[in-house]
file protein_30.tsv (TSV, C-alpha atoms)
chain	number	residue	atom	x	y	z
A	1	MET	CA	0.00	0.00	0.00
A	2	GLU	CA	2.82	2.37	0.94
A	3	THR	CA	4.75	1.64	-2.24
A	4	MET	CA	1.57	2.07	-4.28
A	5	MET	CA	1.05	5.53	-2.82
A	6	ALA	CA	4.67	6.47	-3.45
A	7	LEU	CA	4.44	5.23	-7.04
A	8	GLN	CA	1.33	7.33	-7.62
A	9	TRP	CA	3.06	10.40	-6.23
A	10	VAL	CA	6.01	9.79	-8.54
A	11	LEU	CA	3.67	9.31	-11.51
A	12	ASP	CA	1.63	12.44	-10.74
A	13	GLY	CA	4.74	14.50	-10.09
A	14	THR	CA	6.31	13.38	-13.37
A	15	LEU	CA	3.07	14.22	-15.20
A	16	VAL	CA	2.90	17.72	-13.73
A	17	LEU	CA	6.55	18.44	-14.50
A	18	ALA	CA	6.25	17.04	-18.02
A	19	LEU	CA	3.13	19.15	-18.66
A	20	LEU	CA	4.80	22.35	-17.47
A	21	TRP	CA	7.96	21.59	-19.45
A	22	LEU	CA	6.03	20.74	-22.64
A	23	ALA	CA	3.86	23.84	-22.28
A	24	TRP	CA	6.92	26.06	-21.84
A	25	ARG	CA	8.76	24.45	-24.77
A	26	ALA	CA	5.69	24.71	-27.02
A	27	LEU	CA	5.32	28.41	-26.22
A	28	SER	CA	9.00	29.30	-26.48
A	29	SER	CA	9.96	27.23	-29.50
A	30	PRO	CA	10.96	29.49	-32.40
A	31	ASP	CA	10.15	26.78	-34.95
A	32	LEU	CA	6.39	26.52	-35.45
A	33	PHE	CA	6.50	22.88	-36.58
A	34	THR	CA	8.33	21.88	-33.39
A	35	ALA	CA	5.85	23.92	-31.37
A	36	ILE	CA	2.91	22.06	-32.91
A	37	ILE	CA	4.46	18.66	-32.25
A	38	LEU	CA	5.12	19.72	-28.65
A	39	PHE	CA	1.50	20.90	-28.38
A	40	ILE	CA	0.29	17.47	-29.54
A	41	ALA	CA	2.55	15.80	-26.98
A	42	PHE	CA	1.13	18.20	-24.38
A	43	GLY	CA	-2.40	17.16	-25.33
A	44	LEU	CA	-1.58	13.48	-24.91
A	45	MET	CA	0.01	14.08	-21.49
A	46	MET	CA	-3.01	16.19	-20.53
A	47	ALA	CA	-5.24	13.22	-21.42
A	48	LEU	CA	-3.18	11.09	-19.01
A	49	ALA	CA	-3.62	13.79	-16.37
A	50	TRP	CA	-7.41	13.68	-16.84
A	51	VAL	CA	-7.28	9.90	-16.38
A	52	ARG	CA	-5.37	10.42	-13.12
A	53	LEU	CA	-8.05	12.91	-12.04
A	54	GLN	CA	-10.62	10.16	-12.71
A	55	ALA	CA	-12.29	11.98	-15.58
A	56	PRO	CA	-12.08	9.41	-18.39
A	57	ASP	CA	-14.74	11.21	-20.46
A	58	ILE	CA	-12.65	14.36	-20.61
A	59	ALA	CA	-9.52	12.26	-21.20
A	60	LEU	CA	-11.11	10.72	-24.31
A	61	ALA	CA	-12.18	14.10	-25.63
A	62	GLU	CA	-8.77	15.63	-24.88
A	63	ALA	CA	-6.90	12.84	-26.69
A	64	ALA	CA	-9.20	12.86	-29.72
A	65	ILE	CA	-9.91	16.59	-30.09
A	66	GLY	CA	-7.19	18.35	-28.10
A	67	ALA	CA	-4.26	16.30	-29.32
A	68	GLY	CA	-5.47	14.67	-32.53
A	69	LEU	CA	-7.73	17.06	-34.40
A	70	THR	CA	-6.29	20.34	-33.16
A	71	GLY	CA	-2.83	19.05	-34.05
A	72	ALA	CA	-3.99	18.14	-37.56
A	73	LEU	CA	-5.69	21.54	-37.96
A	74	LEU	CA	-2.58	23.40	-36.79
A	75	LEU	CA	-0.33	21.41	-39.14
A	76	ALA	CA	-2.69	22.11	-42.04
A	77	ALA	CA	-2.69	25.83	-41.17
A	78	LEU	CA	1.12	25.82	-41.02
A	79	ALA	CA	1.38	24.13	-44.43
A	80	ARG	CA	-1.01	26.71	-45.91
A	81	SER	CA	0.83	29.69	-44.43
A	82	ASN	CA	4.13	28.29	-45.76
A	83	ASP	CA	2.55	27.95	-49.21
A	84	LEU	CA	1.37	31.54	-49.02
A	85	ALA	CA	4.81	32.79	-47.95
A	86	ASP	CA	6.43	30.86	-50.84
A	87	ARG	CA	4.03	32.38	-53.32
A	88	ILE	CA	4.68	35.92	-52.06
A	89	ASN	CA	8.45	35.33	-52.23
A	90	ASP	CA	8.16	33.98	-55.77
A	91	ASP	CA	6.14	37.02	-56.82
A	92	GLN	CA	8.72	39.37	-55.36
A	93	THR	CA	11.75	37.70	-56.93
A	94	THR	CA	10.23	37.33	-60.41
A	95	GLY	CA	8.33	40.60	-60.31
A	96	THR	CA	5.13	39.01	-61.57
A	97	GLY	CA	3.06	39.77	-58.50
A	98	LYS	CA	-0.11	41.76	-58.82
A	99	LYS	CA	0.47	45.38	-58.01
B	1	MET	CA	11.93	52.74	-35.88
B	2	ASN	CA	15.53	52.45	-34.70
B	3	SER	CA	16.70	49.60	-32.54
B	4	VAL	CA	16.82	51.58	-29.30
B	5	ALA	CA	13.24	52.73	-29.68
B	6	ARG	CA	12.19	49.25	-30.62
B	7	SER	CA	13.83	47.64	-27.60
B	8	ARG	CA	12.26	50.26	-25.35
B	9	PHE	CA	8.85	49.58	-26.90
B	10	SER	CA	9.44	45.87	-26.47
B	11	LEU	CA	10.39	46.36	-22.81
B	12	LEU	CA	7.27	48.43	-22.18
B	13	PHE	CA	5.19	45.82	-23.97
B	14	ARG	CA	6.68	43.06	-21.88
B	15	LEU	CA	6.05	44.96	-18.66
B	16	MET	CA	2.44	45.53	-19.65
B	17	LEU	CA	2.08	41.86	-20.47
B	18	LEU	CA	3.64	40.89	-17.16
B	19	LEU	CA	1.25	43.18	-15.33
B	20	LEU	CA	-1.77	41.73	-17.15
B	21	LEU	CA	-0.62	38.17	-16.51
B	22	LEU	CA	-0.01	38.88	-12.83
B	23	THR	CA	-3.48	40.43	-12.56
B	24	LEU	CA	-4.98	37.36	-14.20
B	25	ALA	CA	-3.00	35.00	-11.97
B	26	GLY	CA	-3.96	37.02	-8.89
B	27	GLY	CA	-7.62	37.02	-9.87
B	28	LEU	CA	-7.62	33.28	-10.51
B	29	ALA	CA	-5.84	32.58	-7.22
B	30	TYR	CA	-8.35	34.77	-5.37
B	31	ALA	CA	-11.26	32.98	-7.05
B	32	VAL	CA	-9.89	29.55	-6.18
B	33	LEU	CA	-8.97	30.47	-2.61
B	34	SER	CA	-12.34	32.09	-1.93
B	35	LEU	CA	-14.26	28.97	-2.93
B	36	PRO	CA	-16.35	27.68	-0.05
B	37	ASP	CA	-14.80	24.66	1.66
B	38	GLN	CA	-17.94	22.61	1.62
B	39	THR	CA	-19.29	22.70	-1.90
B	40	VAL	CA	-22.59	21.06	-2.58
B	41	GLY	CA	-22.10	19.59	-6.03
B	42	LEU	CA	-24.91	18.50	-8.28
B	43	SER	CA	-23.75	14.88	-8.37
B	44	ASP	CA	-26.28	13.84	-5.71
B	45	ARG	CA	-29.16	15.29	-7.70
B	46	VAL	CA	-27.84	13.62	-10.86
B	47	ALA	CA	-27.55	10.30	-9.04
B	48	ALA	CA	-31.09	10.67	-7.69
B	49	ASN	CA	-32.51	11.20	-11.17
B	50	MET	CA	-30.49	8.60	-13.05
B	51	GLU	CA	-33.52	6.31	-13.18
B	52	THR	CA	-35.42	8.64	-15.49
B	53	SER	CA	-32.46	9.60	-17.72
B	54	GLY	CA	-32.58	6.53	-19.99
B	55	VAL	CA	-28.82	5.90	-19.72
B	56	SER	CA	-26.55	4.65	-16.96
B	57	ASN	CA	-23.52	6.87	-17.57
B	58	PRO	CA	-23.98	10.05	-15.50
B	59	VAL	CA	-21.90	12.15	-17.93
B	60	THR	CA	-24.11	11.18	-20.87
B	61	ALA	CA	-27.20	11.71	-18.71
B	62	VAL	CA	-26.13	15.30	-18.00
B	63	LEU	CA	-24.98	16.08	-21.56
B	64	LEU	CA	-27.90	14.56	-23.45
B	65	ASN	CA	-30.74	14.71	-20.96
B	66	PHE	CA	-30.53	17.03	-17.95
B	67	ARG	CA	-28.54	19.69	-19.82
B	68	ALA	CA	-29.38	18.67	-23.39
B	69	TYR	CA	-30.01	22.33	-24.16
B	70	ASP	CA	-26.27	23.07	-23.77
B	71	THR	CA	-25.32	20.26	-26.11
B	72	LEU	CA	-27.86	21.49	-28.65
B	73	LEU	CA	-26.21	24.91	-28.60
B	74	GLU	CA	-22.76	23.30	-28.87
B	75	MET	CA	-23.85	21.58	-32.07
B	76	ALA	CA	-25.05	24.94	-33.38
B	77	VAL	CA	-21.70	26.55	-32.48
B	78	LEU	CA	-19.84	23.84	-34.39
B	79	LEU	CA	-22.02	24.37	-37.45
B	80	VAL	CA	-21.57	28.15	-37.27
B	81	ALA	CA	-17.79	27.69	-36.99
B	82	LEU	CA	-17.79	25.68	-40.20
B	83	LEU	CA	-20.00	28.28	-41.91
B	84	GLY	CA	-17.44	30.89	-40.88
B	85	VAL	CA	-14.60	28.88	-42.42
B	86	TRP	CA	-16.61	28.29	-45.60
B	87	SER	CA	-17.39	31.98	-45.91
B	88	LEU	CA	-13.64	32.70	-46.11
B	89	GLY	CA	-13.47	31.14	-49.53
B	90	SER	CA	-13.18	27.86	-51.32
B	91	ALA	CA	-10.71	25.22	-50.22
B	92	ALA	CA	-7.37	25.35	-51.96
B	93	VAL	CA	-7.11	22.59	-54.51
B	94	HIS	CA	-5.15	19.85	-52.86
B	95	ARG	CA	-1.75	19.38	-54.35
B	96	ARG	CA	-1.68	16.25	-56.42
B	97	VAL	CA	0.47	14.02	-54.30
B	98	ASP	CA	1.24	10.40	-54.81
B	99	PRO	CA	0.58	8.93	-51.39
B	100	GLU	CA	3.20	6.59	-50.05
B	101	PRO	CA	2.27	2.89	-50.17
B	102	VAL	CA	2.59	2.82	-46.37
B	103	LEU	CA	-0.07	5.52	-46.04
B	104	LEU	CA	-2.37	3.79	-48.51
B	105	PHE	CA	-2.00	0.49	-46.68
B	106	LEU	CA	-2.62	2.12	-43.30
B	107	VAL	CA	-5.67	3.96	-44.63
B	108	GLY	CA	-7.07	0.63	-45.84
B	109	VAL	CA	-6.54	-0.94	-42.42
B	110	LEU	CA	-7.24	1.98	-40.11
B	111	VAL	CA	-10.30	3.64	-41.65
B	112	PRO	CA	-12.63	0.62	-41.30
B	113	MET	CA	-11.32	0.09	-37.76
B	114	MET	CA	-11.94	3.74	-36.90
B	115	ILE	CA	-15.49	3.60	-38.23
B	116	LEU	CA	-16.07	0.51	-36.08
B	117	MET	CA	-14.47	2.31	-33.13
B	118	ALA	CA	-16.72	5.34	-33.63
B	119	GLY	CA	-19.75	3.07	-33.61
B	120	TYR	CA	-18.53	1.40	-30.42
B	121	LEU	CA	-17.85	4.72	-28.68
B	122	LEU	CA	-21.31	5.96	-29.65
B	123	TRP	CA	-23.00	2.82	-28.32
B	124	VAL	CA	-20.94	2.49	-25.14
B	125	GLY	CA	-21.58	6.15	-24.25
B	126	ALA	CA	-24.88	5.13	-22.68
B	127	ALA	CA	-23.14	3.10	-19.99
B	128	ALA	CA	-19.46	4.12	-19.86
B	129	PRO	CA	-17.14	6.93	-21.00
B	130	GLY	CA	-17.78	7.64	-24.67
B	131	GLY	CA	-20.46	9.40	-26.61
B	132	ALA	CA	-21.17	11.49	-29.65
B	133	PHE	CA	-18.25	13.92	-29.43
B	134	GLN	CA	-15.63	11.23	-28.95
B	135	ALA	CA	-17.17	9.02	-31.65
B	136	GLY	CA	-17.47	12.01	-33.97
B	137	SER	CA	-13.84	12.99	-33.56
B	138	VAL	CA	-12.68	9.44	-34.31
B	139	LEU	CA	-14.84	9.57	-37.42
B	140	ALA	CA	-13.29	12.92	-38.31
B	141	ALA	CA	-9.80	11.48	-37.89
B	142	ALA	CA	-10.75	8.74	-40.36
B	143	GLY	CA	-12.00	11.43	-42.74
B	144	ILE	CA	-8.74	13.39	-42.43
B	145	LEU	CA	-6.75	10.22	-43.18
B	146	LEU	CA	-8.88	9.75	-46.30
B	147	LEU	CA	-8.32	13.39	-47.29
B	148	LEU	CA	-4.57	13.03	-46.80
B	149	SER	CA	-4.39	9.86	-48.83
B	150	GLY	CA	-6.24	11.79	-51.53
B	151	LYS	CA	-7.22	8.67	-53.36
B	152	HIS	CA	-10.26	7.10	-51.80
B	153	PHE	CA	-12.18	10.29	-51.20
B	154	PRO	CA	-15.21	10.65	-53.46
B	155	VAL	CA	-14.68	14.09	-55.02
B	156	ARG	CA	-18.34	14.39	-55.99
B	157	LEU	CA	-19.44	14.36	-52.35
B	158	PRO	CA	-19.71	18.16	-51.95
B	159	GLY	CA	-23.13	19.56	-52.68
B	160	TRP	CA	-26.35	18.76	-50.97
B	161	PRO	CA	-25.43	15.31	-49.53
B	162	LEU	CA	-22.54	16.89	-47.61
B	163	ARG	CA	-24.69	19.78	-46.43
B	164	LEU	CA	-27.41	17.37	-45.35
B	165	VAL	CA	-25.00	15.37	-43.18
B	166	LEU	CA	-23.59	18.60	-41.72
B	167	VAL	CA	-26.98	19.76	-40.43
B	168	LEU	CA	-28.23	16.27	-39.54
B	169	GLY	CA	-27.12	16.43	-35.89
B	170	LEU	CA	-28.58	19.83	-35.17
B	171	GLY	CA	-31.66	18.96	-37.23
B	172	ALA	CA	-32.34	15.75	-35.31
B	173	PHE	CA	-31.84	17.57	-32.01
B	174	VAL	CA	-34.20	20.40	-32.94
B	175	ALA	CA	-36.75	17.98	-34.42
B	176	VAL	CA	-36.85	15.96	-31.19
B	177	GLY	CA	-37.03	19.14	-29.13
B	178	VAL	CA	-39.88	20.64	-31.14
B	179	THR	CA	-41.79	17.35	-31.21
B	180	LEU	CA	-41.52	17.17	-27.42
B	181	VAL	CA	-42.77	20.74	-27.10
B	182	PHE	CA	-45.93	19.68	-28.91
B	183	ALA	CA	-46.16	16.36	-27.05
B	184	ASN	CA	-45.71	17.53	-23.46
B	185	GLY	CA	-45.06	21.24	-23.63
B	186	MET	CA	-41.39	21.13	-22.56
B	187	LEU	CA	-38.36	21.50	-24.84
B	188	LEU	CA	-36.17	18.36	-24.66
B	189	GLN	CA	-38.07	16.89	-21.69
B	190	TYR	CA	-37.90	13.23	-22.70
B	191	PRO	CA	-40.58	10.85	-21.47
B	192	PRO	CA	-38.63	8.40	-19.24
B	193	GLY	CA	-39.64	5.34	-21.28
B	194	LEU	CA	-38.37	6.82	-24.54
B	195	ALA	CA	-35.32	8.66	-23.19
B	196	GLY	CA	-32.77	5.95	-24.00
B	197	GLY	CA	-33.92	5.60	-27.60
B	198	LEU	CA	-34.17	9.35	-28.18
B	199	ILE	CA	-30.67	9.92	-26.77
B	200	LEU	CA	-29.23	7.21	-29.01
B	201	PHE	CA	-31.03	8.70	-32.03
B	202	ILE	CA	-29.74	12.22	-31.34
B	203	GLU	CA	-26.24	10.96	-30.60
B	204	ALA	CA	-26.09	8.90	-33.79
B	205	ALA	CA	-27.07	11.90	-35.91
B	206	ALA	CA	-24.69	14.14	-33.93
B	207	THR	CA	-21.79	11.70	-34.39
B	208	LEU	CA	-22.15	11.83	-38.18
B	209	SER	CA	-22.43	15.62	-38.18
B	210	ILE	CA	-19.52	16.17	-35.80
B	211	GLY	CA	-17.30	13.79	-37.77
B	212	VAL	CA	-18.02	15.42	-41.11
B	213	THR	CA	-17.87	18.96	-39.67
B	214	LEU	CA	-14.45	18.45	-38.09
B	215	ALA	CA	-13.08	16.79	-41.23
B	216	ALA	CA	-14.48	19.69	-43.30
B	217	LEU	CA	-12.79	22.17	-40.94
B	218	PHE	CA	-9.49	20.41	-41.74
B	219	LEU	CA	-10.10	21.14	-45.43
B	220	GLY	CA	-9.92	24.83	-44.51
B	221	GLY	CA	-12.49	26.19	-46.94
B	222	ARG	CA	-15.67	25.54	-48.86
B	223	PRO	CA	-15.23	22.48	-51.07
B	224	ASP	CA	-16.28	23.32	-54.62
B	225	PRO	CA	-18.27	20.73	-56.55
B	226	GLU	CA	-16.25	21.56	-59.68
B	227	ALA	CA	-12.85	21.01	-58.06
call {"tool": "encode", "arguments": {"input": "protein_30.tsv", "output": "structure tokens"}}
result
Amino acid sequence: METMMALQWVLDGTLVLALLWLAWRALSSPDLFTAIILFIAFGLMMALAWVRLQAPDIALAEAAIGAGLTGALLLAALARSNDLADRINDDQTTGTGKK
Amino acid sequence: MNSVARSRFSLLFRLMLLLLLLTLAGGLAYAVLSLPDQTVGLSDRVAANMETSGVSNPVTAVLLNFRAYDTLLEMAVLLVALLGVWSLGSAAVHRRVDPEPVLLFLVGVLVPMMILMAGYLLWVGAAAPGGAFQAGSVLAAAGILLLLSGKHFPVRLPGWPLRLVLVLGLGAFVAVGVTLVFANGMLLQYPPGLAGGLILFIEAAATLSIGVTLAALFLGGRPDPEA
């Protein structure tokens, strides 16, 4: 029983530290792609945290929507903004952009 | 703007931000610390009324029965969000990519499994964690995989069949609500005998709508029938 309690403290402590670290890295990362991947990892850890808080319903939603779909949406948005930046650069270098 | 002015502006900006964040943190801390010690939650009242809810999972009972009104509005918010994205313009034509064989193989294996999984989550929501939102997002993930693979997706889908599926969830919800207003005068007040069936009906329609809505959000614009 004692060891079980200690193990749970270690698990919860690791989760909290990992969440704070991932959140900080996601916010401070200069590379947007890295930031998105870190955000997805954050979402998955958050789902584990919800499980530890005995809220499996929220854990399911967090894993599916918070980590999965939001991550996919962010990656799609990043790809689109890169496309747009490429197009603007092309226009400027070749001088064919609309004035 | 020269660099000195810029760094000064940046410093001022950071100080302002710090001040705002500290105010927010202070406010949140005050709100948490001033919570009463003995809170009377609503879980007792939920537990007392579980008999009439038609399901045995308290979370589903709250979301689809006791507070079904909130879920109805959530469905409307989701639909409005998609309308907002569609109003921005048509979806960029997807670059013609040749999907890797690994992706194609995984799509073939995963998509049927995910559809099965969505069905399971929808069904199990009545008795255990699960439900329309979780099932819908799994369905949406399957849709995104199909979009990424670019091959299996029926291009002719846009048009009225897509729009019909998008409004199906909200439509079913409103239809049940309005029918109940005429039947017993109360919006979304299910008769206890029918509650289970009505909840499953609404959730099934909502799952389809949520799945397609989220996948359509991934597309990032209004899909054109001509594209």
call {"tool": "closest_residue", "arguments": {"input": "protein_30.tsv", "among": "A:Pro56, A:Gly43, A:Gly71, A:Gly66", "to": "chain B", "atoms": "all atoms listed in the file"}}
result
A:Pro56
call {"tool": "closest_residue", "arguments": {"input": "protein_30.tsv", "among": "B:Ser90, B:Thr71, B:Ser43, B:Gln134", "to": "A:Ala59", "atoms": "all atoms listed in the file"}}
result
B:Gln134
call {"tool": "closest_residue", "arguments": {"input": "protein_30.tsv", "among": "B:Phe105, B:Tyr30, B:Trp86, B:Phe66", "to": "B:Gly221", "atoms": "only C-alpha atoms"}}
result
B:Trp86
call {"tool": "atom_distance", "arguments": {"input": "protein_30.tsv", "atom1": "atom CA of B:Ala175", "atom2": "atom CA of B:Leu73"}}
result
13.9 Å
call {"tool": "interface_residues", "arguments": {"input": "protein_30.tsv", "of": "chain B", "to": "chain A", "cutoff": "8 Å", "atoms": "only C-alpha atoms", "output": "ChimeraX atom specification"}}
result
/B:59,129-130,133-134,137-138,140-141,214,217-218
call {"tool": "atom_distance", "arguments": {"input": "protein_30.tsv", "atom1": "atom CA of B:Leu180", "atom2": "atom CA of B:Gly41"}}
result
29.0 Å
call {"tool": "residues_around", "arguments": {"input": "protein_30.tsv", "residues": "A:Ala79", "least_positions_apart": "4", "cutoff": "12 Å", "atoms": "all atoms listed in the file", "output": "list in words"}}
result
Leu32, Phe33, Ile36, Ala72, Leu73, Leu74, Leu75, Asp83, Leu84, Ala85 and Asp86 of chain A; Ala92, His94, Arg95, Phe218, Leu219 and Gly220 of chain B
call {"tool": "atom_distance", "arguments": {"input": "protein_30.tsv", "atom1": "atom CA of B:Ile115", "atom2": "atom CA of B:Thr207"}}
result
11.0 Å
call {"tool": "residues_around", "arguments": {"input": "protein_30.tsv", "residues": "A:Leu15", "least_positions_apart": "5", "cutoff": "10 Å", "atoms": "all atoms listed in the file", "output": "number ranges by chain"}}
result
A: 9-10, 20-21, 45-46, 48-49, 52
call {"tool": "closest_residue", "arguments": {"input": "protein_30.tsv", "among": "A:Leu44, A:Ala35, A:Asp91, A:Ser29", "to": "A:Leu78", "atoms": "all atoms listed in the file"}}
result
A:Ala35
call {"tool": "build_atoms", "arguments": {"input": "protein_30.tsv", "residues": "stretch 94-116 of chain B", "atoms": "N, CA and C atoms", "output": "JSON list (two decimals), keeping the file's coordinate frame"}}
result
[["chain", "number", "residue", "atom", "x", "y", "z"],
["B", 94, "HIS", "N", -6.22, 20.62, -53.47],
["B", 94, "HIS", "CA", -5.15, 19.85, -52.86],
["B", 94, "HIS", "C", -4.07, 19.53, -53.88],
["B", 95, "ARG", "N", -2.85, 19.72, -53.45],
["B", 95, "ARG", "CA", -1.75, 19.38, -54.35],
["B", 95, "ARG", "C", -1.84, 17.91, -54.71],
["B", 96, "ARG", "N", -1.66, 17.65, -55.99],
["B", 96, "ARG", "CA", -1.68, 16.25, -56.42],
["B", 96, "ARG", "C", -0.45, 15.57, -55.85],
["B", 97, "VAL", "N", -0.67, 14.74, -54.85],
["B", 97, "VAL", "CA", 0.47, 14.02, -54.30],
["B", 97, "VAL", "C", 0.25, 12.54, -54.56],
["B", 98, "ASP", "N", 1.34, 11.85, -54.75],
["B", 98, "ASP", "CA", 1.24, 10.40, -54.81],
["B", 98, "ASP", "C", 1.47, 9.89, -53.40],
["B", 99, "PRO", "N", 0.41, 9.38, -52.76],
["B", 99, "PRO", "CA", 0.58, 8.93, -51.39],
["B", 99, "PRO", "C", 1.53, 7.74, -51.33],
["B", 100, "GLU", "N", 2.28, 7.71, -50.25],
["B", 100, "GLU", "CA", 3.20, 6.59, -50.05],
["B", 100, "GLU", "C", 2.39, 5.30, -49.91],
["B", 101, "PRO", "N", 2.99, 4.17, -50.33],
["B", 101, "PRO", "CA", 2.27, 2.89, -50.17],
["B", 101, "PRO", "C", 1.95, 2.60, -48.71],
["B", 102, "VAL", "N", 2.84, 3.06, -47.80],
["B", 102, "VAL", "CA", 2.59, 2.82, -46.37],
["B", 102, "VAL", "C", 1.29, 3.51, -45.95],
["B", 103, "LEU", "N", 1.13, 4.77, -46.40],
["B", 103, "LEU", "CA", -0.07, 5.52, -46.04],
["B", 103, "LEU", "C", -1.32, 4.85, -46.62],
["B", 104, "LEU", "N", -1.21, 4.43, -47.88],
["B", 104, "LEU", "CA", -2.37, 3.79, -48.51],
["B", 104, "LEU", "C", -2.75, 2.52, -47.78],
["B", 105, "PHE", "N", -1.74, 1.73, -47.40],
["B", 105, "PHE", "CA", -2.00, 0.49, -46.68],
["B", 105, "PHE", "C", -2.66, 0.80, -45.34],
["B", 106, "LEU", "N", -2.09, 1.78, -44.62],
["B", 106, "LEU", "CA", -2.62, 2.12, -43.30],
["B", 106, "LEU", "C", -4.05, 2.65, -43.40],
["B", 107, "VAL", "N", -4.31, 3.45, -44.45],
["B", 107, "VAL", "CA", -5.67, 3.96, -44.63],
["B", 107, "VAL", "C", -6.64, 2.79, -44.82],
["B", 108, "GLY", "N", -6.22, 1.80, -45.61],
["B", 108, "GLY", "CA", -7.07, 0.63, -45.84],
["B", 108, "GLY", "C", -7.35, -0.13, -44.56],
["B", 109, "VAL", "N", -6.36, -0.18, -43.66],
["B", 109, "VAL", "CA", -6.54, -0.94, -42.42],
["B", 109, "VAL", "C", -7.25, -0.10, -41.37],
["B", 110, "LEU", "N", -6.80, 1.17, -41.25],
["B", 110, "LEU", "CA", -7.24, 1.98, -40.11],
["B", 110, "LEU", "C", -8.66, 2.52, -40.27],
["B", 111, "VAL", "N", -9.01, 2.96, -41.49],
["B", 111, "VAL", "CA", -10.30, 3.64, -41.65],
["B", 111, "VAL", "C", -11.48, 2.73, -41.27],
["B", 112, "PRO", "N", -11.52, 1.47, -41.75],
["B", 112, "PRO", "CA", -12.63, 0.62, -41.30],
["B", 112, "PRO", "C", -12.63, 0.41, -39.79],
["B", 113, "MET", "N", -11.41, 0.26, -39.20],
["B", 113, "MET", "CA", -11.32, 0.09, -37.76],
["B", 113, "MET", "C", -11.86, 1.32, -37.03],
["B", 114, "MET", "N", -11.51, 2.50, -37.57],
["B", 114, "MET", "CA", -11.94, 3.74, -36.90],
["B", 114, "MET", "C", -13.45, 3.91, -36.99],
["B", 115, "ILE", "N", -14.03, 3.50, -38.11],
["B", 115, "ILE", "CA", -15.49, 3.60, -38.23],
["B", 115, "ILE", "C", -16.14, 2.67, -37.21],
["B", 116, "LEU", "N", -15.58, 1.46, -37.08],
["B", 116, "LEU", "CA", -16.07, 0.51, -36.08],
["B", 116, "LEU", "C", -15.93, 1.10, -34.68]]
